[in-house]
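A.B. asks: For reference, this is query-v3.tsv, and it has TSV, C-alpha atoms.
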```tsv
chain	number	residue	atom	x	y	z
A	1	MET	CA	-24.47	296.72	-80.11
A	2	LYS	CA	-20.92	297.37	-78.97
A	3	LYS	CA	-18.92	294.39	-77.75
A	4	THR	CA	-18.27	296.09	-74.42
A	5	ASP	CA	-22.00	296.62	-73.87
A	6	GLN	CA	-22.42	292.85	-73.80
A	7	ILE	CA	-20.13	292.43	-70.77
A	8	ASN	CA	-21.87	291.98	-67.43
A	9	LEU	CA	-19.45	293.31	-64.80
A	10	THR	CA	-20.50	291.08	-61.91
A	11	PRO	CA	-18.71	291.36	-58.54
A	12	GLU	CA	-17.17	287.93	-59.17
A	13	LEU	CA	-15.82	288.99	-62.56
A	14	GLN	CA	-14.36	292.23	-61.22
A	15	GLU	CA	-12.77	290.49	-58.23
A	16	GLY	CA	-11.16	287.85	-60.42
A	17	LEU	CA	-10.03	290.49	-62.89
A	18	GLU	CA	-8.31	292.53	-60.18
A	19	LYS	CA	-6.13	289.53	-59.33
A	20	LYS	CA	-5.32	288.93	-62.99
A	21	VAL	CA	-4.40	292.59	-63.51
A	22	LYS	CA	-2.08	292.59	-60.51
A	23	ALA	CA	-0.37	289.46	-61.84
A	24	LEU	CA	-0.15	291.01	-65.31
A	25	HIS	CA	1.70	294.07	-64.03
A	26	GLU	CA	4.08	291.86	-62.08
A	27	ILE	CA	4.80	289.85	-65.24
A	28	ILE	CA	5.39	293.02	-67.29
A	29	GLN	CA	7.74	294.31	-64.60
A	30	ASP	CA	9.63	291.03	-64.49
A	31	ILE	CA	9.95	290.94	-68.28
A	32	GLY	CA	11.52	294.38	-68.36
A	33	GLU	CA	14.01	293.48	-65.64
A	34	THR	CA	14.92	290.03	-66.98
A	35	TYR	CA	15.49	290.62	-70.69
A	36	PRO	CA	17.81	293.30	-72.12
A	37	SER	CA	15.94	293.24	-75.43
A	38	VAL	CA	12.31	292.16	-75.52
A	39	ALA	CA	9.53	292.99	-77.96
A	40	PHE	CA	5.75	292.71	-77.90
A	41	ALA	CA	4.25	291.33	-81.14
A	42	SER	CA	0.86	292.98	-81.56
A	43	SER	CA	-1.79	291.94	-84.07
A	44	PHE	CA	-4.20	294.43	-82.46
A	45	GLY	CA	-6.69	291.86	-81.27
A	46	ALA	CA	-8.60	292.47	-78.04
A	47	GLU	CA	-5.90	290.71	-75.99
A	48	ASP	CA	-3.21	292.86	-77.57
A	49	ILE	CA	-5.06	296.02	-76.59
A	50	VAL	CA	-4.89	294.87	-72.95
A	51	LEU	CA	-1.12	294.45	-73.31
A	52	HIS	CA	-0.69	297.81	-75.06
A	53	HIS	CA	-2.39	299.45	-72.08
A	54	ALA	CA	-0.41	297.47	-69.47
A	55	ILE	CA	2.89	298.27	-71.18
A	56	HIS	CA	1.86	301.93	-71.41
A	57	GLN	CA	1.30	301.95	-67.65
A	58	SER	CA	4.63	300.28	-66.99
A	59	SER	CA	7.95	302.08	-66.59
A	60	ASN	CA	9.69	299.34	-68.56
A	61	LYS	CA	10.76	299.95	-72.12
A	62	ILE	CA	9.30	297.05	-74.07
A	63	ALA	CA	9.54	297.48	-77.83
A	64	ILE	CA	6.38	296.96	-79.88
A	65	PHE	CA	6.04	295.74	-83.45
A	66	THR	CA	3.35	294.47	-85.78
A	67	LEU	CA	3.31	292.49	-89.02
A	68	ASP	CA	1.54	294.15	-91.93
A	69	THR	CA	0.68	291.30	-94.29
A	70	GLY	CA	-0.64	293.64	-96.95
A	71	ARG	CA	-4.12	292.13	-96.68
A	72	LEU	CA	-5.33	293.39	-93.31
A	73	PRO	CA	-8.87	294.78	-92.90
A	74	ASN	CA	-9.15	298.57	-93.00
A	75	GLU	CA	-10.58	298.44	-89.47
A	76	THR	CA	-7.24	297.08	-88.25
A	77	TYR	CA	-5.32	299.97	-89.80
A	78	GLU	CA	-7.73	302.40	-88.15
A	79	LEU	CA	-7.07	300.80	-84.78
A	80	ILE	CA	-3.29	300.93	-85.24
A	81	SER	CA	-3.52	304.69	-85.72
A	82	LYS	CA	-5.73	305.08	-82.64
A	83	VAL	CA	-3.41	303.04	-80.43
A	84	LYS	CA	-0.37	305.03	-81.53
A	85	GLN	CA	-2.14	308.27	-80.73
A	86	ILE	CA	-3.74	307.27	-77.41
A	87	PHE	CA	-0.74	305.50	-75.89
A	88	ASN	CA	1.96	307.54	-77.66
A	89	GLN	CA	3.72	304.29	-78.51
A	90	LYS	CA	6.26	303.70	-81.24
A	91	ILE	CA	5.15	300.67	-83.23
A	92	GLU	CA	7.61	299.23	-85.74
A	93	VAL	CA	6.00	297.67	-88.81
A	94	PHE	CA	7.42	294.68	-90.69
A	95	PHE	CA	6.28	293.85	-94.23
A	96	PRO	CA	6.63	290.70	-96.36
A	97	ASP	CA	9.28	290.46	-99.07
A	98	GLN	CA	7.78	292.03	-102.20
A	99	LYS	CA	9.52	289.70	-104.64
A	100	LYS	CA	8.28	286.60	-102.80
A	101	ILE	CA	4.71	287.96	-102.78
A	102	GLU	CA	4.92	288.63	-106.51
A	103	ALA	CA	6.31	285.16	-107.23
A	104	TYR	CA	3.60	283.46	-105.13
A	105	MET	CA	0.76	285.39	-106.75
A	106	ASN	CA	2.10	285.04	-110.29
A	107	GLU	CA	2.51	281.29	-109.88
A	108	ASN	CA	-0.57	280.45	-107.81
A	109	GLY	CA	-3.05	283.31	-108.08
A	110	VAL	CA	-4.31	286.02	-105.75
A	111	ASN	CA	-6.37	283.79	-103.43
A	112	ALA	CA	-4.60	280.46	-103.88
A	113	PHE	CA	-4.64	279.88	-100.11
A	114	TYR	CA	-8.23	278.64	-100.41
A	115	GLU	CA	-7.12	275.78	-102.64
A	116	SER	CA	-4.97	273.74	-100.26
A	117	LEU	CA	-3.44	273.73	-96.79
A	118	GLU	CA	0.03	273.80	-98.34
A	119	LEU	CA	-0.68	276.94	-100.35
A	120	ARG	CA	-2.29	278.62	-97.35
A	121	LYS	CA	0.71	277.86	-95.15
A	122	GLU	CA	3.06	279.12	-97.86
A	123	CYS	CA	1.14	282.39	-98.02
A	124	CYS	CA	1.24	282.73	-94.22
A	125	TYR	CA	4.95	281.93	-94.23
A	126	ILE	CA	5.72	284.70	-96.72
A	127	ARG	CA	3.39	287.30	-95.20
A	128	LYS	CA	3.89	286.52	-91.49
A	129	VAL	CA	6.59	284.04	-90.54
A	130	GLU	CA	9.50	285.52	-92.47
A	131	PRO	CA	8.74	289.08	-91.29
A	132	LEU	CA	8.54	287.76	-87.73
A	133	ILE	CA	11.99	286.20	-88.07
A	134	ARG	CA	13.36	289.62	-88.99
A	135	ALA	CA	11.42	291.31	-86.20
A	136	LEU	CA	12.87	288.99	-83.56
A	137	GLN	CA	16.48	289.24	-84.65
A	138	ALA	CA	18.73	290.29	-81.75
A	139	ARG	CA	15.85	289.87	-79.27
A	140	ASN	CA	16.12	287.89	-76.04
A	141	ALA	CA	12.37	287.30	-75.75
A	142	TRP	CA	9.04	288.21	-77.25
A	143	VAL	CA	5.60	288.84	-75.78
A	144	THR	CA	2.27	287.70	-77.25
A	145	GLY	CA	-1.42	288.07	-76.42
A	146	MET	CA	-2.15	284.36	-76.78
A	147	ARG	CA	-4.63	282.70	-74.40
A	148	ALA	CA	-5.05	278.99	-73.66
A	149	GLU	CA	-8.83	278.96	-74.18
A	150	GLN	CA	-8.67	280.48	-77.67
A	151	SER	CA	-8.46	277.16	-79.50
A	152	GLN	CA	-7.51	273.50	-79.18
A	153	THR	CA	-4.11	274.31	-80.66
A	154	ARG	CA	-3.34	276.47	-77.61
A	155	GLU	CA	-4.71	274.40	-74.74
A	156	THR	CA	-1.23	273.54	-73.38
A	157	LEU	CA	0.05	277.10	-73.59
A	158	LYS	CA	2.14	278.38	-70.65
A	159	ILE	CA	3.01	281.84	-69.41
A	160	LYS	CA	6.67	281.32	-70.30
A	161	GLU	CA	7.90	278.97	-73.01
A	162	PHE	CA	11.11	278.48	-74.92
A	163	ASP	CA	10.56	279.22	-78.58
A	164	SER	CA	12.93	276.77	-80.24
A	165	GLY	CA	12.12	278.16	-83.67
A	166	HIS	CA	13.60	281.55	-82.81
A	167	ASN	CA	15.84	280.33	-79.97
A	168	ILE	CA	14.42	282.82	-77.48
A	169	ASP	CA	11.83	282.84	-74.70
A	170	LYS	CA	8.18	283.56	-75.50
A	171	ILE	CA	6.02	285.16	-72.81
A	172	ASN	CA	2.20	284.87	-72.86
A	173	PRO	CA	1.03	287.10	-69.96
A	174	LEU	CA	-2.69	286.54	-70.64
A	175	VAL	CA	-2.50	282.76	-70.95
A	176	ASP	CA	-5.08	282.14	-68.18
A	177	TRP	CA	-7.37	285.09	-68.95
A	178	SER	CA	-10.92	284.37	-70.09
A	179	ASP	CA	-12.63	286.16	-72.96
A	180	SER	CA	-14.91	287.87	-70.43
A	181	GLU	CA	-11.93	289.14	-68.45
A	182	VAL	CA	-10.29	290.58	-71.55
A	183	TRP	CA	-13.43	292.49	-72.50
A	184	ALA	CA	-14.15	293.56	-68.95
A	185	TYR	CA	-10.66	295.10	-68.83
A	186	ILE	CA	-11.27	296.93	-72.10
A	187	LYS	CA	-14.63	298.21	-70.84
A	188	LEU	CA	-13.37	299.32	-67.43
A	189	ASN	CA	-10.46	301.21	-68.98
A	190	ASP	CA	-12.46	302.56	-71.93
A	191	LEU	CA	-9.92	301.25	-74.42
A	192	PRO	CA	-10.23	301.29	-78.22
A	193	TYR	CA	-10.69	298.04	-80.11
A	194	ASN	CA	-11.23	296.77	-83.64
A	195	ARG	CA	-14.72	297.69	-84.88
A	196	LEU	CA	-15.04	294.25	-86.46
A	197	HIS	CA	-15.47	292.80	-82.96
A	198	ASP	CA	-18.90	294.46	-82.91
A	199	LYS	CA	-19.78	292.47	-86.04
A	200	PHE	CA	-19.08	289.05	-84.48
A	201	TYR	CA	-15.41	288.82	-85.45
A	202	PRO	CA	-13.78	287.57	-82.21
A	203	SER	CA	-10.47	286.72	-83.91
A	204	ILE	CA	-9.18	288.94	-86.71
A	205	GLY	CA	-6.37	288.23	-89.17
A	206	CYS	CA	-6.07	288.92	-92.88
A	207	ALA	CA	-9.32	290.06	-94.48
A	208	PRO	CA	-9.78	287.14	-96.92
A	209	CYS	CA	-9.03	284.57	-94.21
A	210	THR	CA	-11.36	285.96	-91.54
A	211	ARG	CA	-15.15	285.86	-91.26
A	212	ALA	CA	-17.81	286.52	-88.65
A	213	ILE	CA	-18.93	283.59	-86.51
A	214	SER	CA	-22.33	282.36	-85.38
A	215	ILE	CA	-23.56	281.95	-81.80
A	216	GLY	CA	-22.06	278.85	-80.24
A	217	GLU	CA	-19.07	278.61	-82.59
A	218	ASP	CA	-15.49	278.51	-81.29
A	219	ILE	CA	-13.96	281.98	-81.04
A	220	ARG	CA	-11.41	281.11	-83.73
A	221	ALA	CA	-13.96	279.47	-86.01
A	222	GLY	CA	-13.82	282.50	-88.29
A	223	ARG	CA	-10.11	282.03	-89.00
A	224	TRP	CA	-9.35	279.79	-92.03
A	225	TRP	CA	-12.91	278.49	-91.60
A	226	TRP	CA	-12.57	276.09	-94.54
A	227	GLU	CA	-9.85	274.07	-92.73
A	228	ASN	CA	-9.70	271.47	-89.96
A	229	PRO	CA	-9.53	273.23	-86.53
A	230	LYS	CA	-6.31	271.34	-85.77
A	231	ASN	CA	-4.58	273.24	-88.58
A	232	LYS	CA	-5.66	276.73	-87.55
A	233	GLU	CA	-2.29	278.34	-86.91
A	234	CYS	CA	-0.34	280.45	-89.36
A	235	GLY	CA	3.11	279.29	-88.32
A	236	LEU	CA	3.90	282.19	-85.98
A	237	HIS	CA	3.28	280.01	-82.92
A	238	SER	CA	3.84	276.50	-84.22
A	239	LYS	CA	7.20	274.87	-83.59
A	240	ASP	CA	6.80	272.19	-86.23
A	241	GLU	CA	5.68	274.26	-89.20
A	242	LYS	CA	7.81	275.48	-92.09
```
Could you take the file, read its structure, and then write that structure out as structure tokens?
C.D. replies:
Amino acid sequence: MKKTDQINLTPELQEGLEKKVKALHEIIQDIGETYPSVAFASSFGAEDIVLHHAIHQSSNKIAIFTLDTGRLPNETYELISKVKQIFNQKIEVFFPDQKKIEAYMNENGVNAFYESLELRKECCYIRKVEPLIRALQARNAWVTGMRAEQSQTRETLKIKEFDSGHNIDKINPLVDWSDSEVWAYIKLNDLPYNRLHDKFYPSIGCAPCTRAISIGEDIRAGRWWWENPKNKECGLHSKDEK
């Protein structure tokens, strides 16, 4: 069954969503007028698809980029191609440093991130954090698809925050959106999404660090599932990590 087929578009859900969509467009408009150089960081999750569509509908020129870690699922690459074609959007891709990847794998092994939190964070730093630093150079702000209800590490998330790690503002337009609202938006606008969502993958990252979840599990339970939930960030959104 498709993920969108599971969404019950009740009058209450649609009414609440209309207010969220209006606010979203106002935020997108404000972002474009406030920051001379702003970029949307897309990982092509369901939330990011909402933002791709909202930016497409906007007259503002917000740059879009993604981080290709080299270990993404094939379904993610398929979605990237679809989004480019449907929205006619230029999406800049940033890759990890090849020499650092080679050094990590030669010293620790291909899947060393399973062995310890330190090795997992080092892998994430090489494949995600360093490319993000390059992607945000010369930017005044960046936009993410993060939501407060996604995990306990994001409960205090705000629409606008100062990212001290990159010394720029970070905007989270969907911070107060529910999972149902995200999927209702995708259904109502007939938007593409990652096929893994239909296989019980609510949160999708690198292939070896992502699994399907069971009914009742947290929506990010499939990310780094062998670790304590308090550690489940890759460093892209944590101010105190390496």
A.B. asks: Return as AutoDock Vina command-line options the box centre and box size in Å, one decimal, for an axis-aligned box around all listed atoms of segment 25-40 of chain A padded by 6 Å per side.
C.D. replies:
```
--center_x 9.8 --center_y 292.1 --center_z -70.0 --size_x 28.1 --size_y 16.5 --size_z 27.9
```
A.B. asks: Work out how far atom CA of Ala212 of chain A is from atom CA of Pro192 of chain A, in Å to one decimal.
C.D. replies: 19.6 Å
A.B. asks: Provide the atom CA of Ala41 of chain A to atom CA of Leu188 of chain A distance in Å, to one decimal place.
C.D. replies: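 It comes out at 23.7 Å.
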A.B. asks: Contacts between segment 70-86 of chain A and segment 29-63 of chain A, please, where a residue of segment 29-63 of chain A counts if it comes within 10 Å (with only C-alpha atoms); show its shortest atom pair and distance in Å to one decimal, rows by chain and ascending number, as CSV.
C.D. replies:
```
residue,atom,partner,partner_atom,distance
A:Ser42,CA,A:Ile80,CA,9.7
A:Ser43,CA,A:Thr76,CA,8.6
A:Phe44,CA,A:Thr76,CA,7.1
A:Gly45,CA,A:Thr76,CA,8.7
A:Ile49,CA,A:Val83,CA,8.2
A:His52,CA,A:Val83,CA,8.0
A:His53,CA,A:Val83,CA,9.1
A:His56,CA,A:Ile86,CA,9.8
```
A.B. asks: Taking only C-alpha atoms into account, which of A:Ala112, A:Val93, A:Ala103, A:Leu67 comes nearest Arg127 of chain A?
C.D. replies: A:Leu67
A.B. asks: Show me, as JSON lines, the residues of segment 73-155 of chain A having an atom within 10 Å of segment 9-33 of chain A, each with the closest atom pair and its distance in Å, using all atoms listed in the file.
C.D. replies:
```
{"residue": "A:Ala141", "atom": "CA", "partner": "A:Ile31", "partner_atom": "CA", "distance": 8.7}
{"residue": "A:Trp142", "atom": "CA", "partner": "A:Ile31", "partner_atom": "CA", "distance": 9.4}
{"residue": "A:Val143", "atom": "CA", "partner": "A:Ile31", "partner_atom": "CA", "distance": 8.9}
```
A.B. asks: For Asn172 of chain A, please output as a list in words all residues within 7 Å (counting only C-alpha atoms; exclusion window: fewer than 3 positions along the same chain).
C.D. replies: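 The residues satisfying every condition are Val143, Thr144, Gly145, Met146, Lys158, Ile159, Lys160 and Val175 of chain A.
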A.B. asks: In terms of the shortest atom-to-atom distance over all atoms listed in the file, which of A:Ile55, A:Ala46, A:Ile7, A:His166 is closest to His197 of chain A?
C.D. replies: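 Closest to His197 of chain A, using all atoms listed in the file: A:Ala46.
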A.B. asks: For Ile186 of chain A, please output as an NGL selection string all residues within 10 Å (counting all atoms listed in the file; exclusion window: fewer than 4 positions along the same chain).
C.D. replies: :A and (3-4 or 46-47 or 49-50 or 53 or 180-182 or 190-193)
A.B. asks: Rounded to one decimal in Å, what is the spacing between atom CA of Ser37 of chain A and atom CA of Ala63 of chain A?
C.D. replies: 8.0 Å
A.B. asks: Restricting the calculation to all atoms listed in the file, which member of A:Arg134, A:Lys187, A:Arg211, A:Arg139 is positioned closest to Gln6 of chain A?
C.D. replies: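 Using all atoms listed in the file, Gln6 of chain A sits closest to A:Lys187.
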A.B. asks: Which one of A:Thr66, A:Asn108, A:Ser214, A:Ser116 sits closest to Ile91 of chain A if you count all atoms listed in the file?
C.D. replies: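 Residue with the minimum atom-to-atom distance to Ile91 of chain A: A:Thr66.
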